[in-house]
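Colleague: Structure provided below as structure tokens; questions to follow.
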Amino acid sequence: MKRPPHVEQIGGLPSKVSIYEVGPRDGLQNEAAIVPVEIKADFVRRLVSAGLRTVEVTSFVHPRWVPQLADAEQLIDTLDLSIAPRMPVLVPNARGLDRALDKGLRDVAIFASATETFAQRNLNRSLDDQFAMFEAVVSRAREHGLWVRGYVSMCFGDPWEGDVSIAQVVNVAKRLLDMGCDELSLGDTIGVATPGHVEALLHELFAGGTSSGQVAVHFHDTYGQALANALTALRLGVTTIDSSAGGLGGCPYAESATGNLATEDLVWQLHGLGIETGVDLEALVATSVWMAEQIGKPPVSRVVNALAG
Ligand code: HMG
Ligand code: MG
């Protein structure tokens, strides 16, 4: 590598952070041109080889809703599921869970909305009705001994409804934990969060009894705030951060959502802070450069661009 970051620690931060890589799912779901399944499988393998221990690989949603991930079964058949400790997939409903169980998956994620409009647009359900759909999934997943993540989308703002109250987000988050989710992921689906808002939401959640170990953060980088928001979450004790290799991504059902926080940008910051990630940054940058060639778009990650030249 050209140059690793100089290391200076900040007191009070964790010594280790778990990166939850979402590139193959959140990163690719918005790509209009279908990526061949072999390329997707290579992408997952390369991410794992670069040291990422949790890689969210695909979604078992209706193929009409997300055509890019219609090959979920084929992708799983192509992959060796033992290469990474955790390979979660998105499952919205009973049908999605059946598909995941048929393929022997051990880690699943449901995805709830904090707002009425996004529940309708993303799940074809009302805000209230989404819970009945997820309750059935989570209870059966747990009976099968699966690990279950619960996403909450639109935690910091919604493109149709505008502001989203912290109380509303905390209410949805608690309902997912009460259902039996092992981990929450707080989604800034459209990338509008700023550090004070992140701190206020986490404070409120923790004040209600949720522990920092149960919470992950999921920032999209539309307004360039994702790294600052991640550091804010770290300072409050969160140790699982979602990101996408190269900064790929966006949600097809959320206006103005761009890519996730880029994994390379996150790793550069964490390594500069002396925080262990297990990730080989050079191998990861090479993976994102390769993936960018496959989809014919330059990577948006600043660190990839700085190191790849
Ligand atoms: P629906 O149309 O209401 O489904 O969609 P339904 O239950 O009425 O069923 C209609 C038909 O679909 C039936 O088939 C079902 O079998 C079939 P028919 O009897 O008519 O032949 N069906 C399915 N087929 C395959 N797999 C399934 C499935 N479910 C039903 N799982 C549904 C409801 C939830 C399925 C739909 O709205 C959907 O697939 N939504 C997914 C949207 C999505 O994937 N969005 C992106 C992920 S969320 C995100 O990116 C945000 C996140 O990153 C966090 C953040 O950034 O905030 C996680
Ligand atoms: Mg997302």
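Letters A, B, ... mark the chains of the structure tokens in the order given; residue numbers begin at 1 per chain; ligand numbers begin at 1, in order shown.
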Check which residues of chain A sit at most 9 Å from ligand 2 using only C-alpha atoms and all ligand atoms, and return one row each with the closest pair of atoms and their distance in Å to one decimal, ordered by chain and rising number, as JSON lines.
Modeller:
```
{"residue": "A:Val22", "atom": "CA", "partner": "ligand 2", "partner_atom_place_in_ligand_line": "1 (Mg)", "distance": 8.0}
{"residue": "A:Arg25", "atom": "CA", "partner": "ligand 2", "partner_atom_place_in_ligand_line": "1 (Mg)", "distance": 8.9}
{"residue": "A:Asp26", "atom": "CA", "partner": "ligand 2", "partner_atom_place_in_ligand_line": "1 (Mg)", "distance": 5.5}
{"residue": "A:Gly27", "atom": "CA", "partner": "ligand 2", "partner_atom_place_in_ligand_line": "1 (Mg)", "distance": 8.2}
{"residue": "A:Tyr151", "atom": "CA", "partner": "ligand 2", "partner_atom_place_in_ligand_line": "1 (Mg)", "distance": 9.0}
{"residue": "A:Ser153", "atom": "CA", "partner": "ligand 2", "partner_atom_place_in_ligand_line": "1 (Mg)", "distance": 7.7}
{"residue": "A:Gly187", "atom": "CA", "partner": "ligand 2", "partner_atom_place_in_ligand_line": "1 (Mg)", "distance": 6.4}
{"residue": "A:Asp188", "atom": "CA", "partner": "ligand 2", "partner_atom_place_in_ligand_line": "1 (Mg)", "distance": 7.3}
{"residue": "A:Thr189", "atom": "CA", "partner": "ligand 2", "partner_atom_place_in_ligand_line": "1 (Mg)", "distance": 5.3}
{"residue": "A:Ile190", "atom": "CA", "partner": "ligand 2", "partner_atom_place_in_ligand_line": "1 (Mg)", "distance": 8.3}
{"residue": "A:His218", "atom": "CA", "partner": "ligand 2", "partner_atom_place_in_ligand_line": "1 (Mg)", "distance": 6.6}
{"residue": "A:Phe219", "atom": "CA", "partner": "ligand 2", "partner_atom_place_in_ligand_line": "1 (Mg)", "distance": 7.3}
{"residue": "A:His220", "atom": "CA", "partner": "ligand 2", "partner_atom_place_in_ligand_line": "1 (Mg)", "distance": 6.5}
{"residue": "A:Asp242", "atom": "CA", "partner": "ligand 2", "partner_atom_place_in_ligand_line": "1 (Mg)", "distance": 8.8}
{"residue": "A:Ser243", "atom": "CA", "partner": "ligand 2", "partner_atom_place_in_ligand_line": "1 (Mg)", "distance": 9.0}
{"residue": "A:Gly249", "atom": "CA", "partner": "ligand 2", "partner_atom_place_in_ligand_line": "1 (Mg)", "distance": 7.6}
{"residue": "A:Gly250", "atom": "CA", "partner": "ligand 2", "partner_atom_place_in_ligand_line": "1 (Mg)", "distance": 6.4}
{"residue": "A:Cys251", "atom": "CA", "partner": "ligand 2", "partner_atom_place_in_ligand_line": "1 (Mg)", "distance": 6.1}
{"residue": "A:Ala257", "atom": "CA", "partner": "ligand 2", "partner_atom_place_in_ligand_line": "1 (Mg)", "distance": 8.3}
{"residue": "A:Thr258", "atom": "CA", "partner": "ligand 2", "partner_atom_place_in_ligand_line": "1 (Mg)", "distance": 8.9}
{"residue": "A:Gly259", "atom": "CA", "partner": "ligand 2", "partner_atom_place_in_ligand_line": "1 (Mg)", "distance": 7.9}
{"residue": "A:Asn260", "atom": "CA", "partner": "ligand 2", "partner_atom_place_in_ligand_line": "1 (Mg)", "distance": 6.5}
```
Colleague: Filtering to N, CA, C and O atoms, could you give me those residues as a compact mmCIF listing (two decimals), in the first residue's frame?
Modeller:
```txt
# COMPACT_ATOMS: atom_id res chain seq x y z
N VAL A 22 -22.14 -4.42 3.62
CA VAL A 22 -23.42 -4.55 2.91
C VAL A 22 -23.30 -4.38 1.39
O VAL A 22 -24.32 -4.32 0.69
N ARG A 25 -25.33 -6.58 -1.06
CA ARG A 25 -26.79 -6.42 -0.97
C ARG A 25 -27.19 -4.95 -1.18
O ARG A 25 -27.74 -4.58 -2.21
N ASP A 26 -26.86 -4.09 -0.22
CA ASP A 26 -27.29 -2.69 -0.33
C ASP A 26 -26.56 -2.02 -1.49
O ASP A 26 -27.13 -1.17 -2.20
N GLY A 27 -25.31 -2.41 -1.69
CA GLY A 27 -24.52 -1.81 -2.76
C GLY A 27 -25.07 -2.14 -4.14
O GLY A 27 -25.21 -1.26 -4.99
N TYR A 151 -33.39 -4.13 11.00
CA TYR A 151 -33.09 -2.76 10.52
C TYR A 151 -34.27 -1.85 10.84
O TYR A 151 -35.43 -2.27 10.77
N SER A 153 -35.38 1.69 9.11
CA SER A 153 -35.05 2.68 8.07
C SER A 153 -35.65 4.03 8.40
O SER A 153 -36.61 4.12 9.16
N GLY A 187 -30.89 2.86 10.49
CA GLY A 187 -30.59 3.27 9.12
C GLY A 187 -30.85 4.74 8.86
O GLY A 187 -31.93 5.25 9.11
N ASP A 188 -29.81 5.40 8.34
CA ASP A 188 -29.99 6.75 7.78
C ASP A 188 -30.10 6.53 6.28
O ASP A 188 -29.15 6.73 5.52
N THR A 189 -31.28 6.12 5.87
CA THR A 189 -31.51 5.64 4.51
C THR A 189 -31.16 6.67 3.44
O THR A 189 -30.68 6.32 2.36
N ILE A 190 -31.40 7.95 3.74
CA ILE A 190 -31.14 8.99 2.74
C ILE A 190 -29.96 9.89 3.11
O ILE A 190 -29.71 10.90 2.47
N HIS A 218 -26.05 2.45 10.44
CA HIS A 218 -26.07 2.21 8.99
C HIS A 218 -26.27 3.56 8.30
O HIS A 218 -27.39 4.04 8.18
N PHE A 219 -25.15 4.17 7.92
CA PHE A 219 -25.24 5.51 7.35
C PHE A 219 -25.02 5.49 5.85
O PHE A 219 -24.03 4.95 5.36
N HIS A 220 -25.95 6.12 5.13
CA HIS A 220 -25.70 6.42 3.73
C HIS A 220 -25.01 7.79 3.70
O HIS A 220 -25.14 8.58 4.63
N ASP A 242 -22.07 -0.46 9.80
CA ASP A 242 -22.35 -0.97 8.46
C ASP A 242 -21.64 -0.10 7.43
O ASP A 242 -21.58 1.13 7.57
N SER A 243 -21.17 -0.73 6.37
CA SER A 243 -20.55 0.04 5.30
C SER A 243 -20.54 -0.82 4.04
O SER A 243 -20.80 -2.02 4.09
N GLY A 249 -23.95 1.76 -3.71
CA GLY A 249 -25.26 1.60 -3.10
C GLY A 249 -26.31 2.66 -3.24
O GLY A 249 -26.14 3.65 -3.95
N GLY A 250 -27.42 2.42 -2.52
CA GLY A 250 -28.61 3.26 -2.58
C GLY A 250 -29.83 2.37 -2.48
O GLY A 250 -29.74 1.19 -2.77
N CYS A 251 -30.94 2.93 -2.03
CA CYS A 251 -32.15 2.11 -1.91
C CYS A 251 -33.09 2.45 -3.06
O CYS A 251 -33.44 3.61 -3.25
N ALA A 257 -31.51 8.48 -2.07
CA ALA A 257 -30.56 7.68 -1.29
C ALA A 257 -29.36 7.37 -2.18
O ALA A 257 -29.51 6.83 -3.26
N THR A 258 -28.16 7.72 -1.72
CA THR A 258 -26.96 7.32 -2.47
C THR A 258 -26.27 6.21 -1.69
O THR A 258 -26.85 5.63 -0.77
N GLY A 259 -25.03 5.95 -2.05
CA GLY A 259 -24.32 4.82 -1.47
C GLY A 259 -24.11 4.92 0.03
O GLY A 259 -24.24 5.98 0.64
N ASN A 260 -23.78 3.77 0.60
CA ASN A 260 -23.47 3.70 2.03
C ASN A 260 -22.12 4.33 2.30
O ASN A 260 -21.32 4.52 1.40
```
Colleague: Residues of range 184-274 of chain A classed as alpha helix (DSSP H) by DSSP on the backbone are to be reported as a PyMOL selection string.
Modeller: chain A and resi 195-207+226-235+263-272
Colleague: Excluding same-chain residues fewer than 2 positions from Tyr20 in chain A, what lies within 8 Å of it counting only C-alpha atoms, as a list in words?
Modeller: Ser18, Val22, Leu52, Arg53, Thr54, Val55, Glu56, Thr240, Ile241, Asp242 and Ser243 of chain A
Colleague: Given a cut-off of 8 Å, what residues near ligand 1 show up using only C-alpha atoms and all ligand atoms, put as a ChimeraX atom specification?
Modeller: /A:26,29,59-66,90-97,99,110-111,113,121-125,151-155,185-190,218-220,250-253,260
Colleague: I'd like the neighbourhood of Asn229 in chain A as a CSV table (one decimal) with all heavy atoms, in the first residue's frame, where a residue qualifies if any of its atoms comes within 7 Å (using only C-alpha atoms), though same-chain residues fewer than 4 positions away should be ignored.
Modeller:
```
chain,number,residue,atom,x,y,z
A,194,THR,N,-26.8,14.2,11.0
A,194,THR,CA,-25.6,14.9,11.4
A,194,THR,C,-25.3,14.4,12.9
A,194,THR,O,-26.1,13.8,13.5
A,194,THR,CB,-25.9,16.4,11.4
A,194,THR,OG1,-27.1,16.7,12.1
A,194,THR,CG2,-25.9,16.9,10.0
A,195,PRO,N,-24.0,14.6,13.3
A,195,PRO,CA,-23.6,14.0,14.6
A,195,PRO,C,-24.5,14.3,15.8
A,195,PRO,O,-24.7,13.4,16.6
A,195,PRO,CB,-22.2,14.5,14.8
A,195,PRO,CG,-21.7,14.7,13.4
A,195,PRO,CD,-22.9,15.2,12.6
A,198,VAL,N,-27.4,12.0,15.7
A,198,VAL,CA,-27.0,10.6,16.0
A,198,VAL,C,-26.9,10.4,17.5
A,198,VAL,O,-27.4,9.5,18.1
A,198,VAL,CB,-25.7,10.2,15.3
A,198,VAL,CG1,-25.2,8.9,15.8
A,198,VAL,CG2,-25.9,10.3,13.8
A,225,GLN,N,-21.8,13.0,5.5
A,225,GLN,CA,-21.8,13.1,7.0
A,225,GLN,C,-21.5,11.7,7.6
A,225,GLN,O,-21.4,11.6,8.8
A,225,GLN,CB,-23.1,13.5,7.5
A,225,GLN,CG,-23.6,14.9,7.0
A,225,GLN,CD,-22.7,16.0,7.4
A,225,GLN,OE1,-22.4,16.2,8.6
A,225,GLN,NE2,-22.1,16.7,6.4
A,233,ALA,N,-21.1,7.7,16.8
A,233,ALA,CA,-21.7,6.4,17.4
A,233,ALA,C,-20.6,5.7,18.2
A,233,ALA,O,-20.9,5.1,19.3
A,233,ALA,CB,-22.2,5.6,16.3
```
Colleague: What does the distance between CA of Asp102 in chain A and CA of Ala132 in chain A come to in Å, to one decimal place?
Modeller: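 Distance reported for this atom pair: 22.5 Å.
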Colleague: Which is closest to Ile275 in chain A among A:Leu101, A:Leu231, A:Ala32, A:Met291, if we use only C-alpha atoms?
Modeller: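 Closest residue, counting only C-alpha atoms: A:Leu231.
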Colleague: Using only C-alpha atoms, can you tell me which of A:Leu273, A:Leu201, A:Ala141, A:Ala119 comes closest to Phe156 in chain A?
Modeller: A:Leu201
Colleague: For each of A:Ala216, A:Ala41, A:Gly12, A:Arg106, take the minimum atom-to-atom distance to Thr78 in chain A, counting only C-alpha atoms, then give the residue where this is smallest.
Modeller: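 Result for the nearest residue to Thr78 in chain A: A:Ala41.
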Colleague: Kindly indicate which residue among A:Leu234, A:Leu47, A:Val169, A:Val148 lies nearest to Glu21 in chain A, using only C-alpha atoms for the distances.
Modeller: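 Closest residue, counting only C-alpha atoms: A:Leu47.
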Colleague: Could you pull out all residues of range 106-300 of chain A with a DSSP call of strand (DSSP E or B) and give them as a ChimeraX atom specification?
Modeller: /A:107-113,147-153,158,162,183-188,215-220,240-244,260,262,276
Colleague: Tell me, as a list in words, which residues lie within 10 Å of Leu202 in chain A, counting only C-alpha atoms; anything in the same chain fewer than 4 positions away does not count.
Modeller: Ile166, Val170, Leu186, Gly196, His197, Val198, Phe206, Ala207, Gly208, Thr210, Ser211, Ser212, Val215, Val217, Thr232, Ala233, Leu236, Gly237 and Val238 of chain A
Colleague: Selection from above, N, CA and C atoms, as a PDB file, in the first residue's frame, can you write it?
Modeller:
```
ATOM      1  N   ILE A 166     -37.525  11.353  17.204  1.00  0.00           N
ATOM      2  CA  ILE A 166     -36.703  10.355  17.898  1.00  0.00           C
ATOM      3  C   ILE A 166     -37.610   9.359  18.628  1.00  0.00           C
ATOM      4  N   VAL A 170     -37.406   5.304  18.324  1.00  0.00           N
ATOM      5  CA  VAL A 170     -37.156   4.476  19.512  1.00  0.00           C
ATOM      6  C   VAL A 170     -38.286   3.470  19.686  1.00  0.00           C
ATOM      7  N   LEU A 186     -29.611   0.921  12.916  1.00  0.00           N
ATOM      8  CA  LEU A 186     -30.323   2.190  12.751  1.00  0.00           C
ATOM      9  C   LEU A 186     -29.938   2.787  11.411  1.00  0.00           C
ATOM     10  N   GLY A 196     -25.005  15.487  15.938  1.00  0.00           N
ATOM     11  CA  GLY A 196     -25.846  15.788  17.094  1.00  0.00           C
ATOM     12  C   GLY A 196     -27.123  14.957  17.100  1.00  0.00           C
ATOM     13  N   HIS A 197     -27.651  14.722  15.912  1.00  0.00           N
ATOM     14  CA  HIS A 197     -28.876  13.923  15.780  1.00  0.00           C
ATOM     15  C   HIS A 197     -28.590  12.459  16.144  1.00  0.00           C
ATOM     16  N   VAL A 198     -27.434  11.979  15.698  1.00  0.00           N
ATOM     17  CA  VAL A 198     -27.037  10.592  16.023  1.00  0.00           C
ATOM     18  C   VAL A 198     -26.912  10.450  17.544  1.00  0.00           C
ATOM     19  N   PHE A 206     -30.551   4.407  24.587  1.00  0.00           N
ATOM     20  CA  PHE A 206     -29.828   3.821  25.716  1.00  0.00           C
ATOM     21  C   PHE A 206     -30.530   4.171  27.031  1.00  0.00           C
ATOM     22  N   ALA A 207     -31.132   5.358  27.097  1.00  0.00           N
ATOM     23  CA  ALA A 207     -31.848   5.757  28.322  1.00  0.00           C
ATOM     24  C   ALA A 207     -33.026   4.823  28.565  1.00  0.00           C
ATOM     25  N   GLY A 208     -33.564   4.260  27.491  1.00  0.00           N
ATOM     26  CA  GLY A 208     -34.697   3.342  27.618  1.00  0.00           C
ATOM     27  C   GLY A 208     -34.274   1.910  27.894  1.00  0.00           C
ATOM     28  N   THR A 210     -31.830   0.005  26.164  1.00  0.00           N
ATOM     29  CA  THR A 210     -31.109  -0.728  25.105  1.00  0.00           C
ATOM     30  C   THR A 210     -29.616  -0.546  25.340  1.00  0.00           C
ATOM     31  N   SER A 211     -28.841  -1.626  25.149  1.00  0.00           N
ATOM     32  CA  SER A 211     -27.407  -1.482  25.392  1.00  0.00           C
ATOM     33  C   SER A 211     -26.677  -1.217  24.071  1.00  0.00           C
ATOM     34  N   SER A 212     -25.520  -0.575  24.166  1.00  0.00           N
ATOM     35  CA  SER A 212     -24.784  -0.223  22.946  1.00  0.00           C
ATOM     36  C   SER A 212     -24.390  -1.484  22.168  1.00  0.00           C
ATOM     37  N   VAL A 215     -26.698  -2.511  19.278  1.00  0.00           N
ATOM     38  CA  VAL A 215     -26.991  -1.526  18.235  1.00  0.00           C
ATOM     39  C   VAL A 215     -25.861  -1.404  17.215  1.00  0.00           C
ATOM     40  N   VAL A 217     -24.975   0.866  13.450  1.00  0.00           N
ATOM     41  CA  VAL A 217     -25.406   2.062  12.722  1.00  0.00           C
ATOM     42  C   VAL A 217     -25.156   1.874  11.235  1.00  0.00           C
ATOM     43  N   THR A 232     -19.234   9.522  15.907  1.00  0.00           N
ATOM     44  CA  THR A 232     -20.132   9.888  17.012  1.00  0.00           C
ATOM     45  C   THR A 232     -20.693   8.625  17.675  1.00  0.00           C
ATOM     46  N   ALA A 233     -21.115   7.680  16.844  1.00  0.00           N
ATOM     47  CA  ALA A 233     -21.664   6.430  17.392  1.00  0.00           C
ATOM     48  C   ALA A 233     -20.596   5.663  18.173  1.00  0.00           C
ATOM     49  N   LEU A 236     -20.082   6.842  21.570  1.00  0.00           N
ATOM     50  CA  LEU A 236     -21.178   6.483  22.489  1.00  0.00           C
ATOM     51  C   LEU A 236     -21.219   4.982  22.763  1.00  0.00           C
ATOM     52  N   GLY A 237     -20.198   4.256  22.280  1.00  0.00           N
ATOM     53  CA  GLY A 237     -20.088   2.843  22.659  1.00  0.00           C
ATOM     54  C   GLY A 237     -20.535   1.847  21.611  1.00  0.00           C
ATOM     55  N   VAL A 238     -21.013   2.318  20.457  1.00  0.00           N
ATOM     56  CA  VAL A 238     -21.427   1.387  19.391  1.00  0.00           C
ATOM     57  C   VAL A 238     -20.172   0.766  18.780  1.00  0.00           C
TER      58      VAL A 238
END
```
Colleague: Ranking A:Ala262, A:Val37, A:Leu248, A:Val48 by minimum distance to Ile83 in chain A and counting only C-alpha atoms, which one comes first?
Modeller: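 Ranking A:Ala262, A:Val37, A:Leu248, A:Val48 by distance to Ile83 in chain A, first place goes to A:Val48.
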Colleague: Name the closest residue to Val57 in chain A among the candidates A:Leu307, A:Val89, A:Leu266, A:Ala70; distances are taken between atoms, counting only C-alpha atoms.
Modeller: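 Of A:Leu307, A:Val89, A:Leu266, A:Ala70, the one nearest Val57 in chain A is A:Val89, counting only C-alpha atoms.
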